[in-house]
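File shown: model-v3.tsv. Contents: TSV, C-alpha atoms.
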```tsv
chain	number	residue	atom	x	y	z
A	1	MET	CA	0.00	0.00	0.00
A	2	THR	CA	2.78	2.41	-0.54
A	3	GLY	CA	1.97	5.50	-2.52
A	4	SER	CA	-1.78	5.00	-2.40
A	5	THR	CA	-4.37	6.27	0.00
A	6	HIS	CA	-6.69	3.88	1.69
A	7	ARG	CA	-10.28	4.98	1.39
A	8	MET	CA	-13.05	3.43	3.34
A	9	THR	CA	-16.45	3.11	1.76
A	10	LEU	CA	-19.76	2.94	3.56
A	11	GLY	CA	-19.87	-0.75	2.95
A	12	SER	CA	-16.53	-1.33	4.60
A	13	LEU	CA	-17.60	0.85	7.56
A	14	ALA	CA	-20.81	-1.14	7.89
A	15	ALA	CA	-18.81	-4.32	7.93
A	16	ILE	CA	-16.57	-2.97	10.70
A	17	PHE	CA	-19.59	-1.89	12.80
A	18	ALA	CA	-21.31	-5.24	12.21
A	19	SER	CA	-18.21	-7.06	13.42
A	20	LEU	CA	-18.39	-5.01	16.62
A	21	GLY	CA	-22.00	-6.08	17.18
A	22	MET	CA	-23.66	-2.70	16.58
A	23	PRO	CA	-27.10	-2.51	14.99
A	24	ALA	CA	-27.36	-1.31	11.40
A	25	GLN	CA	-29.08	1.97	12.31
A	26	ALA	CA	-26.35	2.89	14.75
A	27	GLN	CA	-23.73	2.08	12.15
A	28	GLU	CA	-24.66	5.01	9.97
A	29	TYR	CA	-25.32	7.60	12.69
A	30	TYR	CA	-22.95	6.70	15.47
A	31	TYR	CA	-21.10	9.63	17.00
A	32	TYR	CA	-19.72	10.65	20.32
A	33	PRO	CA	-21.87	12.96	22.41
A	34	PRO	CA	-20.62	16.54	22.69
A	35	PRO	CA	-18.48	17.20	25.72
A	36	TYR	CA	-20.32	18.51	28.74
A	37	TYR	CA	-19.07	21.77	30.14
A	38	ALA	CA	-20.26	23.09	33.43
A	39	PRO	CA	-21.73	26.59	33.24
A	40	PRO	CA	-19.38	29.29	34.43
A	41	PRO	CA	-19.82	30.38	38.03
A	42	PRO	CA	-21.89	33.51	38.58
A	43	PRO	CA	-19.92	36.74	38.81
A	44	TYR	CA	-18.67	37.48	42.28
A	45	ALA	CA	-20.83	40.07	44.00
A	46	TYR	CA	-18.68	42.29	46.14
A	47	PRO	CA	-20.30	43.59	49.33
A	48	PRO	CA	-21.13	47.29	49.29
A	49	PRO	CA	-18.32	49.54	50.50
A	50	TYR	CA	-18.35	50.47	54.16
A	51	TYR	CA	-18.80	54.11	54.96
A	52	PRO	CA	-18.56	55.01	58.64
A	53	PRO	CA	-21.57	56.89	59.98
A	54	PRO	CA	-21.22	60.66	60.10
A	55	PRO	CA	-20.09	62.10	63.43
A	56	VAL	CA	-22.82	63.22	65.77
A	57	ILE	CA	-22.73	66.96	66.29
A	58	ILE	CA	-24.73	68.31	69.19
A	59	GLN	CA	-25.38	72.01	68.92
A	60	GLN	CA	-26.53	73.95	71.90
A	61	ALA	CA	-29.47	76.23	71.44
A	62	PRO	CA	-28.63	79.92	71.47
A	63	PRO	CA	-29.54	81.72	74.67
A	64	PRO	CA	-33.13	82.95	74.67
A	65	ARG	CA	-33.64	86.48	73.52
A	66	PRO	CA	-35.28	88.91	75.89
A	67	ALA	CA	-39.01	89.22	75.42
A	68	GLY	CA	-38.92	92.89	74.57
A	69	ALA	CA	-36.18	95.15	73.41
A	70	PRO	CA	-35.00	97.63	76.01
A	71	PRO	CA	-36.56	101.06	75.60
A	72	PRO	CA	-34.43	103.52	73.68
A	73	GLN	CA	-32.09	105.62	75.75
A	74	PHE	CA	-32.89	108.82	73.86
A	75	TRP	CA	-35.55	110.15	71.54
A	76	TYR	CA	-35.06	112.92	69.02
A	77	TRP	CA	-37.50	115.87	68.88
A	78	CYS	CA	-37.96	118.28	66.04
A	79	ASP	CA	-39.55	121.74	66.48
A	80	ASP	CA	-40.20	122.31	62.76
A	81	PRO	CA	-42.30	120.22	62.01
A	82	GLN	CA	-43.12	119.16	65.54
A	83	GLY	CA	-42.68	115.44	66.28
A	84	TYR	CA	-40.36	112.65	67.27
A	85	TYR	CA	-38.17	110.68	64.95
A	86	PRO	CA	-39.08	108.34	63.05
A	87	ARG	CA	-42.58	109.79	62.64
A	88	VAL	CA	-40.97	112.96	61.40
A	89	PRO	CA	-38.31	111.80	58.93
A	90	THR	CA	-36.69	115.20	58.31
A	91	CYS	CA	-36.25	118.28	60.46
A	92	ASN	CA	-35.84	121.84	59.22
A	93	ARG	CA	-34.02	122.75	62.43
A	94	THR	CA	-31.58	120.88	64.63
A	95	TRP	CA	-32.81	117.65	66.25
A	96	ARG	CA	-32.99	117.84	70.04
A	97	GLN	CA	-32.02	114.80	72.07
A	98	VAL	CA	-34.66	114.02	74.73
A	99	SER	CA	-34.33	111.42	77.48
A	100	GLY	CA	-36.60	108.36	77.09
A	101	ALA	CA	-38.11	109.08	80.53
A	102	ASP	CA	-39.21	112.55	79.35
A	103	VAL	CA	-41.22	111.15	76.40
A	104	ALA	CA	-44.93	110.46	76.85
A	105	PRO	CA	-46.00	106.79	76.44
A	106	ALA	CA	-46.68	105.41	72.95
A	107	GLY	CA	-44.48	108.07	71.36
A	108	GLN	CA	-47.03	110.88	71.50
A	109	ALA	CA	-45.91	114.23	70.21
A	110	THR	CA	-46.13	115.99	73.58
A	111	GLN	CA	-43.03	116.91	75.48
A	112	LYS	CA	-42.72	117.37	79.23
A	113	SER	CA	-41.47	120.70	80.43
A	114	LYS	CA	-38.04	120.77	81.90
```
Show me this structure written as structure tokens.
Amino acid sequence: MTGSTHRMTLGSLAAIFASLGMPAQAQEYYYYPPPYYAPPPPPYAYPPPYYPPPPVIIQQAPPPRPAGAPPPQFWYWCDDPQGYYPRVPTCNRTWRQVSGADVAPAGQATQKSK
């Protein structure tokens, strides 16, 4: 058999399978099953990153404000037009400084005599 190729025909293959005791149907369609591969493992799920809790900051409440503002130390009186500031926004003469104790209650435009 030098220099020639040996070719097998279907008949010779059938004869080989028959000698092995295989049925005729299996002789024509015999094949090895495909290899079984295990599915890949699922992707690794990393745990979420750890963030430390924010620091607790305790703020003290500001001191309570006084219920009412202290009365003004001085009021300003104008003779032309007559009245106290801020009811009289401008004065044609010089503003006179008047003690808060000398002013009538509720900012009335009357002035006590000195």
Open item on the list: Between atom CA of A:Leu20 and atom CA of A:Pro35, what distance in Å does the model show, to one decimal?
Closed with: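 Separating atom CA of A:Leu20 from atom CA of A:Pro35 is a distance of 24.0 Å.
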Open item on the list: Using Å and a single decimal, report how far atom CA of A:Ala18 sits from atom CA of A:Tyr32.
Closed with: 17.9 Å
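Closest approach to A:Ser99 among A:Gln82, A:Tyr31, A:Tyr44, A:Gln73: A:Gln73, based on only C-alpha atoms.
Proximity to A:Cys91 was assessed for A:Ile16, A:Cys78, A:Ala45, A:Ala61 counting all atoms listed in the file; the smallest distance is recorded for A:Cys78.
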Open item on the list: Report, in Å to a single decimal, how far apart atom CA of A:Ala67 and atom CA of A:Pro86 are.
Closed with: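 Value for the atom CA of A:Pro86-atom CA of A:Ala67 distance: 22.8 Å.
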- [ ] Return the single residue from A:Gly100, A:Pro55, A:Pro48, A:Pro62 that is closest to A:Trp77, with distances computed using all atoms listed in the file.
- [x] A:Gly100
TODO: Write out as a ChimeraX atom specification which residues come within 10 Å of A:Tyr76 when counting only C-alpha atoms, dropping same-chain ones fewer than 5 positions away.
DONE: /A:83-86,88,94-100,103
If you take every atom of stretch 77-92 of chain A that the file lists and fit an axis-aligned box around them with 5 Å extra on each side, what centre and edge lengths come out in Å to one decimal, as AutoDock Vina command-line options?
```
--center_x -39.5 --center_y 115.3 --center_z 63.6 --size_x 17.3 --size_y 24.0 --size_z 20.6
```
